[in-house]
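To be precise, the following lines are final34.cif, and they hold mmCIF, C-alpha atoms.
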```cif
data_start
loop_
_atom_site.label_atom_id
_atom_site.label_comp_id
_atom_site.auth_asym_id
_atom_site.auth_seq_id
_atom_site.Cartn_x
_atom_site.Cartn_y
_atom_site.Cartn_z
CA MET A 5 -1.87 51.32 -38.30
CA LYS A 6 -5.30 50.68 -36.88
CA ALA A 7 -6.74 50.27 -40.34
CA THR A 8 -4.11 47.63 -41.15
CA PHE A 9 -4.98 45.82 -37.96
CA PHE A 10 -8.67 45.71 -38.77
CA ILE A 11 -7.97 44.62 -42.31
CA ARG A 12 -5.87 41.80 -40.93
CA ILE A 13 -8.64 40.78 -38.51
CA LEU A 14 -11.15 40.86 -41.34
CA ARG A 15 -8.86 38.87 -43.59
CA LEU A 16 -8.32 36.31 -40.84
CA LEU A 17 -12.05 35.91 -40.30
CA VAL A 18 -12.74 35.49 -44.02
CA ILE A 19 -9.95 32.98 -44.46
CA LEU A 20 -11.03 30.98 -41.39
CA PHE A 21 -14.64 31.07 -42.59
CA LEU A 22 -13.64 29.74 -45.98
CA GLN A 23 -11.30 27.16 -44.50
CA ILE A 24 -13.57 25.79 -41.81
CA LEU A 25 -16.90 25.83 -43.62
CA VAL A 26 -15.78 24.90 -47.12
CA LEU A 27 -12.29 23.48 -47.40
CA ASN A 28 -12.46 21.35 -44.25
CA GLN A 29 -15.17 19.32 -46.01
CA VAL A 30 -12.74 18.51 -48.84
CA HIS A 31 -10.90 15.26 -48.31
CA LEU A 32 -9.07 14.35 -51.48
CA LEU A 33 -8.08 10.66 -51.35
CA GLY A 34 -9.94 10.64 -48.06
CA TYR A 35 -7.10 12.45 -46.42
CA ALA A 36 -5.71 15.57 -48.18
CA THR A 37 -7.34 18.82 -47.11
CA PRO A 38 -5.92 22.07 -48.57
CA LEU A 39 -5.03 24.54 -45.83
CA ILE A 40 -5.86 27.99 -47.06
CA ILE A 41 -4.98 29.46 -43.65
CA GLY A 42 -1.42 29.69 -44.92
CA TYR A 43 -2.60 32.60 -47.05
CA MET A 44 -2.87 34.66 -43.87
CA MET A 45 0.90 34.48 -43.45
CA VAL A 46 1.55 35.13 -47.12
CA CYS A 47 -0.16 38.53 -46.99
CA PHE A 48 2.10 40.22 -44.43
CA ARG A 49 4.21 42.95 -45.93
CA ARG A 50 7.98 42.93 -45.75
CA GLY A 51 9.41 44.43 -42.57
CA THR A 52 6.56 43.37 -40.27
CA SER A 53 7.83 42.69 -36.74
CA ARG A 54 8.78 39.04 -36.50
CA VAL A 55 7.25 38.70 -33.06
CA ALA A 56 3.98 40.09 -34.43
CA LEU A 57 4.19 37.62 -37.32
CA LEU A 58 4.68 34.75 -34.92
CA ILE A 59 1.76 35.80 -32.75
CA TRP A 60 -0.50 36.21 -35.79
CA GLY A 61 0.56 32.81 -37.01
CA PHE A 62 -0.09 31.18 -33.69
CA ILE A 63 -3.51 32.80 -33.35
CA THR A 64 -4.51 31.76 -36.87
CA GLY A 65 -3.47 28.18 -36.22
CA PHE A 66 -5.07 28.14 -32.82
CA LEU A 67 -8.42 29.33 -34.15
CA PHE A 68 -8.28 26.76 -36.93
CA ASP A 69 -7.46 24.03 -34.40
CA THR A 70 -10.34 25.12 -32.20
CA PHE A 71 -12.85 24.62 -34.96
CA SER A 72 -11.41 21.54 -36.62
CA ASP A 73 -10.48 19.46 -33.59
CA THR A 74 -6.80 19.29 -34.50
CA ALA A 75 -5.45 20.74 -31.24
CA GLY A 76 -1.87 22.02 -31.63
CA MET A 77 -1.21 20.82 -35.19
CA ALA A 78 -2.11 23.98 -37.08
CA SER A 79 -0.78 26.23 -34.30
CA ALA A 80 2.62 24.61 -34.59
CA SER A 81 2.58 24.64 -38.42
CA CYS A 82 1.43 28.25 -38.74
CA THR A 83 3.96 29.43 -36.15
CA LEU A 84 6.61 27.66 -38.21
CA ILE A 85 5.68 29.42 -41.49
CA ALA A 86 5.36 32.71 -39.62
CA MET A 87 8.97 32.16 -38.58
CA ILE A 88 10.22 31.48 -42.11
CA GLN A 89 8.07 34.13 -43.80
CA ALA A 90 10.46 37.06 -43.33
CA PRO A 91 13.73 35.39 -44.45
CA LEU A 92 11.95 33.71 -47.36
CA LEU A 93 10.41 36.97 -48.51
CA ASN A 94 13.76 38.74 -48.20
CA SER A 95 15.53 36.15 -50.29
CA LEU A 96 12.82 36.25 -53.00
CA ALA A 97 12.37 40.03 -53.03
CA PRO A 98 13.34 41.73 -56.30
CA ARG A 99 16.41 43.91 -56.10
CA ASP A 100 14.48 47.07 -56.75
CA ALA A 101 11.64 46.31 -54.35
CA SER A 102 10.79 48.75 -51.58
CA GLU A 103 11.57 48.01 -47.91
CA ASP A 104 7.95 47.38 -46.99
CA PHE A 105 6.27 45.93 -50.07
CA THR A 106 3.32 43.60 -49.72
CA PRO A 107 3.86 40.27 -51.47
CA CYS A 108 1.84 40.17 -54.69
CA PHE A 109 2.26 39.59 -58.46
CA ARG A 110 2.84 43.22 -59.16
CA ALA A 111 5.60 43.68 -56.62
CA MET A 112 7.38 40.35 -57.08
CA GLY A 113 6.53 39.10 -60.53
CA PHE A 114 4.45 35.95 -61.15
CA TRP A 115 7.07 33.23 -60.74
CA LYS A 116 8.73 34.64 -57.65
CA TYR A 117 5.36 35.16 -56.02
CA PHE A 118 4.29 31.66 -57.06
CA LEU A 119 7.49 30.22 -55.59
CA PHE A 120 6.98 32.19 -52.39
CA VAL A 121 3.41 30.89 -51.96
CA PHE A 122 4.44 27.37 -52.94
CA ILE A 123 7.26 27.16 -50.39
CA MET A 124 5.09 28.61 -47.64
CA MET A 125 2.34 26.10 -48.42
CA LEU A 126 4.79 23.23 -48.71
CA VAL A 127 6.23 23.92 -45.26
CA LEU A 128 2.77 24.41 -43.77
CA HIS A 129 1.36 21.18 -45.20
CA SER A 130 4.50 19.19 -44.41
CA ALA A 131 4.43 20.28 -40.80
CA PHE A 132 0.69 19.79 -40.46
CA TYR A 133 0.47 16.34 -42.02
CA LEU A 134 3.61 15.06 -40.34
CA LEU A 135 2.20 16.11 -36.99
CA ASP A 136 -1.11 14.57 -37.98
CA ALA A 137 0.38 11.22 -38.98
CA PHE A 138 3.07 11.38 -36.31
CA THR A 139 4.76 8.34 -37.76
CA LEU A 140 6.50 7.49 -40.99
CA ALA A 141 4.76 4.14 -41.22
CA ASN A 142 2.30 5.40 -43.87
CA TRP A 143 4.76 7.77 -45.49
CA GLN A 144 3.31 7.33 -48.99
CA LEU A 145 -0.07 8.50 -47.81
CA THR A 146 1.43 11.38 -45.84
CA LEU A 147 3.54 12.41 -48.81
CA MET A 148 0.53 12.32 -51.08
CA ALA A 149 -1.52 14.43 -48.68
CA ILE A 150 1.31 16.97 -48.44
CA GLY A 151 1.76 17.13 -52.21
CA ILE A 152 -1.90 17.37 -53.12
CA GLY A 153 -2.69 19.81 -50.28
CA THR A 154 0.24 22.04 -51.23
CA LEU A 155 -0.64 22.15 -54.92
CA LEU A 156 -4.32 22.70 -54.36
CA SER A 157 -3.90 25.46 -51.78
CA THR A 158 -1.18 27.17 -53.89
CA VAL A 159 -3.52 27.20 -56.85
CA LEU A 160 -6.34 28.50 -54.64
CA VAL A 161 -4.18 31.30 -53.22
CA ILE A 162 -3.04 32.34 -56.71
CA PHE A 163 -6.66 32.27 -57.84
CA ILE A 164 -7.83 34.40 -54.87
CA GLU A 165 -4.89 36.77 -55.39
CA LEU A 166 -5.79 37.17 -59.05
CA LEU A 167 -9.42 37.73 -58.13
CA VAL A 168 -8.76 40.27 -55.33
CA ARG A 169 -5.89 42.22 -56.93
CA SER A 170 -7.42 42.41 -60.39
CA ARG A 171 -10.56 43.94 -58.93
CA LYS A 172 -8.42 46.44 -57.04
CA MET A 173 -6.48 47.43 -60.11
CA MET B 21 27.01 41.80 -20.79
CA ARG B 22 25.57 44.49 -23.01
CA ALA B 23 26.38 42.44 -26.06
CA LEU B 24 24.52 39.55 -24.54
CA ILE B 25 21.44 41.68 -23.86
CA ASP B 26 21.62 42.99 -27.44
CA LEU B 27 21.81 39.45 -28.69
CA LEU B 28 18.78 38.49 -26.61
CA ILE B 29 16.79 41.45 -27.89
CA GLN B 30 17.82 40.78 -31.48
CA GLY B 31 16.93 37.13 -31.22
CA LYS B 32 13.75 37.60 -29.23
CA HIS B 33 11.63 36.26 -32.08
CA TRP B 34 13.43 32.96 -31.61
CA PHE B 35 12.29 32.80 -28.01
CA VAL B 36 8.76 33.68 -29.02
CA PHE B 37 8.92 31.06 -31.76
CA LEU B 38 10.11 28.34 -29.42
CA LEU B 39 7.57 29.34 -26.79
CA LEU B 40 4.67 29.24 -29.25
CA GLU B 41 5.81 25.93 -30.71
CA ALA B 42 6.09 24.51 -27.22
CA VAL B 43 2.55 25.67 -26.43
CA SER B 44 1.33 24.13 -29.69
CA LEU B 45 2.98 20.82 -28.96
CA LEU B 46 1.56 20.93 -25.45
CA PHE B 47 -1.89 21.25 -26.99
CA LEU B 48 -1.07 18.53 -29.45
CA PHE B 49 -0.10 16.01 -26.82
CA SER B 50 -2.74 17.06 -24.30
CA TYR B 51 -5.76 16.91 -26.55
CA ASN B 52 -4.94 14.29 -29.18
CA GLY B 53 -5.10 10.77 -27.84
CA TYR B 54 -3.34 9.31 -30.85
CA GLN B 55 -0.32 11.60 -30.84
CA ARG B 56 -0.05 11.30 -27.09
CA SER B 57 -0.10 7.53 -27.22
CA VAL B 58 2.54 7.47 -29.97
CA TYR B 59 4.64 9.95 -28.02
CA PHE B 60 4.38 8.01 -24.79
CA THR B 61 4.96 4.68 -26.48
CA THR B 62 8.12 5.97 -28.11
CA ALA B 63 9.18 7.81 -24.97
CA ASN B 64 8.53 4.74 -22.84
CA GLY B 65 10.48 2.61 -25.29
CA VAL B 66 13.46 4.95 -25.06
CA VAL B 67 13.21 5.27 -21.28
CA GLY B 68 12.76 1.51 -20.97
CA ASN B 69 15.94 0.87 -22.96
CA VAL B 70 17.85 3.34 -20.80
CA TYR B 71 16.53 1.73 -17.61
CA SER B 72 17.36 -1.77 -18.76
CA ALA B 73 20.89 -0.64 -19.61
CA ILE B 74 21.24 0.96 -16.19
CA SER B 75 19.81 -2.05 -14.41
CA SER B 76 22.07 -4.45 -16.26
CA VAL B 77 24.99 -2.48 -14.85
CA THR B 78 23.64 -2.08 -11.33
CA SER B 79 22.57 -5.72 -11.12
CA TYR B 80 26.24 -6.66 -11.36
CA MET B 81 26.98 -4.43 -8.43
CA ASP B 82 24.18 -6.02 -6.44
CA LEU B 83 25.36 -9.55 -7.15
CA GLN B 84 27.38 -9.79 -3.98
CA THR B 85 24.43 -8.92 -1.76
CA ALA B 86 22.22 -11.23 -3.76
CA ASN B 87 24.72 -14.02 -3.34
CA ARG B 88 24.89 -13.54 0.40
CA ARG B 89 21.14 -13.54 0.64
CA LEU B 90 20.84 -16.68 -1.46
CA GLU B 91 23.49 -18.36 0.63
CA SER B 92 21.68 -17.71 3.90
CA GLU B 93 18.39 -18.67 2.31
CA ASN B 94 19.97 -21.87 1.11
CA GLN B 95 21.26 -22.70 4.55
CA ARG B 96 17.88 -22.06 6.09
CA LEU B 97 16.17 -24.30 3.53
CA TYR B 98 18.79 -26.99 4.01
CA ARG B 99 18.20 -26.99 7.76
CA GLU B 100 14.46 -27.13 7.14
CA VAL B 101 14.84 -30.10 4.81
CA GLU B 102 16.97 -31.89 7.36
CA SER B 103 14.51 -31.37 10.19
CA MET B 104 11.65 -32.39 7.89
CA LYS B 105 13.52 -35.55 6.96
CA LYS B 106 14.00 -36.33 10.61
CA LYS B 107 10.34 -35.74 11.36
CA MET B 108 9.26 -37.84 8.39
CA ALA B 109 11.50 -40.68 9.44
CA GLU B 110 10.03 -40.55 12.94
CA ALA B 111 6.51 -40.43 11.62
CA SER B 112 6.81 -43.18 9.05
CA LEU B 113 8.75 -45.56 11.25
CA ASP B 114 5.75 -46.47 13.22
CA THR B 115 2.48 -46.66 11.41
CA ALA B 116 3.40 -47.98 7.99
CA ALA B 117 2.08 -51.54 8.00
CA VAL B 118 -0.67 -51.33 10.56
CA CYS B 119 -2.00 -47.95 9.52
CA ASP B 120 -4.85 -49.45 7.49
CA GLU B 121 -6.25 -51.18 10.55
CA LEU B 122 -5.75 -48.08 12.68
CA VAL B 123 -7.73 -45.62 10.59
CA GLY B 124 -10.18 -43.83 12.84
CA TYR B 125 -8.27 -44.42 16.05
CA ASN B 126 -6.22 -41.85 17.90
CA ILE B 127 -2.58 -42.76 17.84
CA VAL B 128 0.09 -41.40 20.16
CA SER B 129 3.67 -42.01 19.09
CA ALA B 130 6.25 -42.82 21.73
CA GLN B 131 9.84 -43.94 22.00
CA ILE B 132 11.05 -46.84 24.06
CA VAL B 133 13.41 -45.67 26.76
CA LYS B 134 14.04 -49.01 28.44
CA ALA B 135 13.27 -52.57 27.44
CA THR B 136 14.26 -56.09 28.30
CA VAL B 137 13.68 -59.20 26.23
CA HIS B 138 15.41 -62.04 28.01
CA LYS B 139 13.70 -62.07 31.38
CA ALA B 140 10.67 -64.10 32.29
CA ASN B 141 8.62 -61.00 32.75
CA ASN B 142 9.91 -58.39 30.37
CA LEU B 143 8.73 -54.82 30.63
CA ILE B 144 9.08 -51.85 28.32
CA THR B 145 9.22 -48.24 29.42
CA ILE B 146 8.06 -45.58 26.97
CA ASN B 147 8.37 -41.82 27.12
CA LYS B 148 4.69 -40.90 27.00
CA GLY B 149 2.36 -40.89 29.98
CA GLU B 150 -0.85 -39.49 31.40
CA ALA B 151 0.00 -36.05 30.10
CA ASP B 152 -0.33 -37.46 26.59
CA GLY B 153 -3.59 -39.23 27.32
CA ILE B 154 -2.10 -42.66 28.01
CA ARG B 155 -4.03 -44.87 30.47
CA PRO B 156 -3.50 -48.44 31.64
CA GLU B 157 -4.86 -51.19 29.37
CA MET B 158 -4.37 -49.32 26.19
CA GLY B 159 -2.97 -51.25 23.25
CA VAL B 160 0.57 -50.64 22.03
CA VAL B 161 1.50 -51.42 18.44
CA CYS B 162 4.39 -50.78 16.13
CA SER B 163 4.64 -50.68 12.37
CA ARG B 164 4.98 -54.45 12.13
CA GLY B 165 2.28 -55.46 14.57
CA VAL B 166 1.25 -55.80 18.17
CA VAL B 167 3.71 -54.84 20.94
CA GLY B 168 1.78 -55.14 24.18
CA VAL B 169 -0.52 -53.47 26.67
CA ILE B 170 0.00 -50.45 28.91
CA TYR B 171 0.36 -51.63 32.49
CA MET B 172 1.16 -48.58 34.57
CA THR B 173 1.38 -44.89 33.81
CA SER B 174 3.04 -41.91 35.41
CA ARG B 175 2.80 -38.34 34.20
CA HIS B 176 5.36 -38.63 31.42
CA TYR B 177 6.23 -42.35 31.27
CA SER B 178 4.39 -45.60 30.93
CA ILE B 179 5.22 -49.24 31.48
CA VAL B 180 4.14 -51.66 28.80
CA ILE B 181 3.63 -55.39 29.30
CA PRO B 182 4.90 -56.71 25.98
CA LEU B 183 3.89 -59.97 24.40
CA LEU B 184 7.18 -61.29 25.81
CA ASN B 185 5.81 -61.48 29.35
CA THR B 186 4.36 -64.54 31.00
CA ASN B 187 1.50 -62.45 32.31
CA SER B 188 0.60 -61.24 28.84
CA LYS B 189 -2.61 -62.62 27.42
CA VAL B 190 -3.89 -61.27 24.12
CA SER B 191 -6.82 -62.80 22.33
CA CYS B 192 -6.03 -63.66 18.75
CA ARG B 193 -7.40 -65.40 15.69
CA LEU B 194 -6.23 -66.91 12.47
CA ARG B 195 -6.70 -64.62 9.53
CA ASN B 196 -9.18 -66.01 6.99
CA SER B 197 -10.78 -68.30 9.56
CA GLU B 198 -12.77 -67.17 12.55
CA TYR B 199 -11.23 -69.58 15.08
CA PHE B 200 -9.81 -67.71 18.00
CA GLY B 201 -7.43 -68.38 20.84
CA THR B 202 -5.16 -66.71 23.34
CA LEU B 203 -1.57 -65.66 22.89
CA THR B 204 0.75 -66.47 25.78
CA TRP B 205 4.49 -66.59 26.29
CA HIS B 206 6.50 -69.22 28.12
CA ARG B 207 9.90 -67.68 28.34
CA ALA B 208 10.90 -68.93 24.97
CA THR B 209 12.91 -66.90 22.51
CA PRO B 210 12.08 -63.24 22.07
CA TYR B 211 11.01 -64.00 18.50
CA SER B 212 8.14 -66.38 19.10
CA THR B 213 5.17 -66.97 21.37
CA TYR B 214 2.32 -69.48 21.66
CA ALA B 215 -1.28 -69.41 20.69
CA THR B 216 -3.55 -71.70 22.70
CA GLY B 217 -7.24 -72.45 22.64
CA ILE B 218 -7.65 -72.87 18.90
CA PRO B 219 -9.83 -75.95 18.47
CA ARG B 220 -8.53 -79.09 16.79
CA HIS B 221 -11.03 -78.99 13.98
CA ALA B 222 -9.75 -75.66 12.74
CA LYS B 223 -7.72 -75.86 9.58
CA VAL B 224 -4.27 -74.57 10.37
CA LYS B 225 -1.21 -74.61 8.25
CA LYS B 226 2.21 -73.10 8.59
CA ARG B 227 2.66 -69.45 7.64
CA ASP B 228 -0.96 -68.61 8.44
CA ILE B 229 -1.22 -65.10 9.82
CA VAL B 230 -2.24 -64.63 13.42
CA GLU B 231 -3.92 -61.33 14.23
CA THR B 232 -5.94 -59.64 16.94
CA ASN B 233 -9.61 -60.62 16.99
CA GLY B 234 -11.14 -57.53 18.57
CA PHE B 235 -12.76 -59.43 21.45
CA SER B 236 -10.66 -57.64 24.00
CA ASP B 237 -11.11 -54.04 24.95
CA ILE B 238 -7.52 -53.31 24.01
CA PHE B 239 -6.85 -53.89 20.32
CA PRO B 240 -9.06 -53.33 17.31
CA PRO B 241 -9.48 -56.46 15.19
CA GLY B 242 -7.09 -57.30 12.37
CA ILE B 243 -3.76 -56.04 13.72
CA PRO B 244 -1.11 -58.59 12.71
CA ILE B 245 0.77 -60.45 15.42
CA GLY B 246 2.83 -63.10 13.65
CA LEU B 247 2.98 -66.22 11.47
CA VAL B 248 2.27 -69.79 12.44
CA ALA B 249 5.70 -71.40 12.66
CA GLY B 250 4.90 -74.70 14.32
CA ILE B 251 1.73 -76.74 14.95
CA GLY B 252 1.50 -78.86 18.09
CA ASP B 253 -1.04 -80.17 20.59
CA SER B 254 -1.90 -78.62 23.90
CA GLU B 255 -1.48 -80.59 27.10
CA ASP B 256 -5.12 -81.55 27.34
CA GLY B 257 -5.19 -82.51 23.67
CA LEU B 258 -8.31 -80.52 22.95
CA SER B 259 -6.70 -77.70 21.10
CA TYR B 260 -3.66 -76.72 19.16
CA LEU B 261 -0.57 -75.27 20.63
CA LEU B 262 0.70 -73.08 17.82
CA THR B 263 4.14 -71.56 17.80
CA VAL B 264 3.78 -68.03 16.47
CA LYS B 265 6.75 -66.21 15.03
CA LEU B 266 6.23 -62.59 15.95
CA PHE B 267 6.27 -59.85 13.35
CA THR B 268 7.53 -57.39 15.94
CA ASP B 269 11.24 -57.62 16.53
CA PHE B 270 11.45 -56.66 20.19
CA SER B 271 15.21 -56.56 20.29
CA THR B 272 15.39 -53.67 17.82
CA LEU B 273 12.12 -51.97 18.63
CA ARG B 274 12.43 -48.21 19.20
CA GLU B 275 9.22 -46.53 18.08
CA VAL B 276 5.75 -47.55 19.18
CA SER B 277 2.22 -46.20 18.90
CA ILE B 278 -0.46 -46.27 21.54
CA ILE B 279 -4.12 -46.57 20.56
CA THR B 280 -5.82 -44.18 22.94
CA ASN B 281 -9.49 -44.24 22.05
CA TYR B 282 -10.38 -47.87 21.47
CA SER B 283 -11.26 -48.64 25.07
CA GLN B 284 -14.96 -48.30 25.82
CA PRO B 285 -15.66 -47.58 29.50
CA GLU B 286 -19.29 -48.62 29.19
CA ARG B 287 -18.40 -52.11 28.04
CA LYS B 288 -15.75 -52.40 30.70
CA GLU B 289 -18.20 -51.39 33.39
CA LEU B 290 -20.72 -53.98 32.22
CA GLU B 291 -18.15 -56.74 32.16
CA GLU B 292 -16.91 -55.88 35.63
CA LYS B 293 -20.50 -56.01 36.90
CA ALA B 294 -20.93 -59.46 35.37
CA ASP B 295 -17.67 -60.61 36.99
CA SER B 296 -18.81 -59.44 40.38
CA LEU B 297 -21.97 -61.58 40.10
CA ASN B 298 -19.79 -64.62 39.49
CA VAL B 299 -22.11 -65.95 36.80
CA GLY B 300 -19.28 -66.68 34.42
CA GLU B 301 -17.55 -69.21 36.63
#
```
As structure tokens, what does this structure read like?
Amino acid sequence: MKATFFIRILRLLVILFLQILVLNQVHLLGYATPLIIGYMMVCFRRGTSRVALLIWGFITGFLFDTFSDTAGMASASCTLIAMIQAPLLNSLAPRDASEDFTPCFRAMGFWKYFLFVFIMMLVLHSAFYLLDAFTLANWQLTLMAIGIGTLLSTVLVIFIELLVRSRKM
Amino acid sequence: MRALIDLLIQGKHWFVFLLLEAVSLLFLFSYNGYQRSVYFTTANGVVGNVYSAISSVTSYMDLQTANRRLESENQRLYREVESMKKKMAEASLDTAAVCDELVGYNIVSAQIVKATVHKANNLITINKGEADGIRPEMGVVCSRGVVGVIYMTSRHYSIVIPLLNTNSKVSCRLRNSEYFGTLTWHRATPYSTYATGIPRHAKVKKRDIVETNGFSDIFPPGIPIGLVAGIGDSEDGLSYLLTVKLFTDFSTLREVSIITNYSQPERKELEEKADSLNVGE
């Protein structure tokens, strides 16, 4: 239990470090920044307490907001994906999966895992960029930022997953 | 009850979710000027529409009160206009034609309370007296021209010797020429009087204007008196005897003005001293 907690803290710190120092400097089309912090929510195993998920999500978003001057936007978005994580994972879980599997290629299969990450990232980026724009006046730009951010961060997460898990195996 | 508590416990993540989202949005609107301004603009727009809808309803209910208030306001303004009209009529009745000559002099307006025109020695009583600064030997004019001279004063009334009095003597001149004479009255009609003392060599024609010449201590120069209506000779044949048709219509005169600051005591004193030495006779 304690080990899991420290791993989560460590993972959070690494993800925030990567996000704030590297990815926050990326502005595709001057606007679209991939939000890798969504990966934090992807990693929770099935059956985690939903309240705990929500609190982790909020803290992740809050820390991101603190360092990127986006007060409230990421907190709200991450809390939202923390809320949908459990039902989404349940609906995408293979029939023969265990009650507390951790989402990964091996447990879910490539496409299901990809879909899981993609939906999580899509919701995260949609919420974040809609809150950022806060109007539908420039909806093309917002839509483009959501699309590009989602794709880029999904690819990044898959890449990291491949990197981390393959080393483990 | 138990089912409700179960439901609350089962759905507690919803409460946490809503709480955390609320906190996030609180941060969002507290620390982001842009989002806050958009939020308040939209919110104000919505609230403004609601208020205008409410006020359009309530304003109908207030119409009765508003009407009453407007009505009373209207009445007050109407009364004010009426009293202003009255005051304006009083003010303009008097000083219209002679006001140019009277610039710089203090004028006291008065109403005639008693007047005669058909006696040999007519007198006019006016409703202003010493309390208003009126003293004997002040000039009295009306909008058309000269009326007469203050003869006696009490506290609130004065007696005027009008031009239509055999004792009245006002020095006068012909406008456009400097020849001067004296205006007297011989119990003729109340419309005309006589000017004597204008020398024979003066050029006089009918309809010349006769006005005050400013020699006396009573009237400033240039106040109109009347028009030359007839040219005749005086008894001694040395001067004209002009019939002057008065501008002032004494039979309808109601409003007069008294010139209160033309008299100069110093001059009067000097002239009285000269009289007492009998050098002028």
### Task
Provide as a list in words the residues of chain A at most 9 Å from chain B, counting all atoms listed in the file.
Ser53, Arg54, Val55, Ala56, Leu58, Ile59, Phe62, Phe66, Asp73, Thr74, Ala75, Gly76, Met77, Ala78, Ser79, Ala80, Ser81, Thr83, Leu84, Ala86, Met87, Leu135, Asp136, Ala137, Phe138 and Thr139 of chain A
### Query
Do you know which residues the PyMOL selection byres ((chain A and resi 141-148) around 12) returns on this file, as a PyMOL selection string?
(chain A and resi 32-38+126+129-140+149-156) or (chain B and resi 58)
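Proximity to Ser236 in chain B was assessed for B:Leu122, B:Val190, B:Leu297, B:Val166 counting only C-alpha atoms; the smallest distance is recorded for B:Val190.
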Go through the shown structure with the PyMOL selection byres ((chain B and resi 129) around 8) and write out the matching residues as an mmCIF file with C-alpha atoms, keeping the file's coordinate frame.
```cif
data_model
loop_
_atom_site.group_PDB
_atom_site.id
_atom_site.type_symbol
_atom_site.label_atom_id
_atom_site.label_comp_id
_atom_site.auth_asym_id
_atom_site.auth_seq_id
_atom_site.Cartn_x
_atom_site.Cartn_y
_atom_site.Cartn_z
ATOM 1 C CA ASP B 114 5.750 -46.470 13.220
ATOM 2 C CA ILE B 127 -2.580 -42.760 17.840
ATOM 3 C CA VAL B 128 0.090 -41.400 20.160
ATOM 4 C CA ALA B 130 6.250 -42.820 21.730
ATOM 5 C CA GLN B 131 9.840 -43.940 22.000
ATOM 6 C CA GLU B 275 9.220 -46.530 18.080
ATOM 7 C CA VAL B 276 5.750 -47.550 19.180
ATOM 8 C CA SER B 277 2.220 -46.200 18.900
ATOM 9 C CA ILE B 278 -0.460 -46.270 21.540
#
```
#### Entry: Answer key for the PyMOL selection byres ((chain B and resi 193) around 10), residues as JSON, numbers by chain
{"B": [191, 192, 194, 195, 196, 197, 198, 199, 200, 201, 202, 203, 215, 217, 218, 229, 230, 231, 232, 233, 234, 235, 241, 242, 244, 245]}
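Atom to atom, CA of Ile238 in chain B and CA of Ile279 in chain B stand 8.3 Å apart.
We find CA of Thr52 in chain A and CA of Pro98 in chain A to be spaced 17.5 Å apart.
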### Message
Would you pick out the contacts of Ile164 in chain A at 12 Å or less, using all atoms listed in the file, so that residues sharing its chain but fewer than 6 positions from it are not included, and give the list as a VMD selection string?
### Response
chain A and resid 18 to 19 22 40 43 47 108 to 109 157 to 158 170 to 171
### Message
With only C-alpha atoms as the counted atoms, please give the residues lying no more than 7 Å from range 257-274 of chain B, apart from itself and same-chain residues fewer than 6 positions off, as a PyMOL selection string.
### Response
chain B and resi 131-132+137+164-167+210-220+245-251
File of the preceding selection, C-alpha atoms, as a tab-separated table (two decimals), in the coordinates of the input:
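Saved to out.tsv:
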```tsv
chain	number	residue	atom	x	y	z
B	131	GLN	CA	9.84	-43.94	22.00
B	132	ILE	CA	11.05	-46.84	24.06
B	137	VAL	CA	13.68	-59.20	26.23
B	164	ARG	CA	4.98	-54.45	12.13
B	165	GLY	CA	2.28	-55.46	14.57
B	166	VAL	CA	1.25	-55.80	18.17
B	167	VAL	CA	3.71	-54.84	20.94
B	210	PRO	CA	12.08	-63.24	22.07
B	211	TYR	CA	11.01	-64.00	18.50
B	212	SER	CA	8.14	-66.38	19.10
B	213	THR	CA	5.17	-66.97	21.37
B	214	TYR	CA	2.32	-69.48	21.66
B	215	ALA	CA	-1.28	-69.41	20.69
B	216	THR	CA	-3.55	-71.70	22.70
B	217	GLY	CA	-7.24	-72.45	22.64
B	218	ILE	CA	-7.65	-72.87	18.90
B	219	PRO	CA	-9.83	-75.95	18.47
B	220	ARG	CA	-8.53	-79.09	16.79
B	245	ILE	CA	0.77	-60.45	15.42
B	246	GLY	CA	2.83	-63.10	13.65
B	247	LEU	CA	2.98	-66.22	11.47
B	248	VAL	CA	2.27	-69.79	12.44
B	249	ALA	CA	5.70	-71.40	12.66
B	250	GLY	CA	4.90	-74.70	14.32
B	251	ILE	CA	1.73	-76.74	14.95
```
### Task
Grab the CA of Asp100 in chain A to CA of Leu128 in chain A distance for me, in Å with one decimal place.
28.6 Å
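Distance annotation: of B:Pro182, B:Gly68, B:Pro156, B:Gly124, the residue with the minimal separation from Ala140 in chain B is B:Pro182; atom set is all atoms listed in the file.
Here the question is which of A:Asn28, A:Ser102, A:Ser95, A:Thr8 gets nearest to Leu119 in chain A using only C-alpha atoms, and that residue is A:Ser95.
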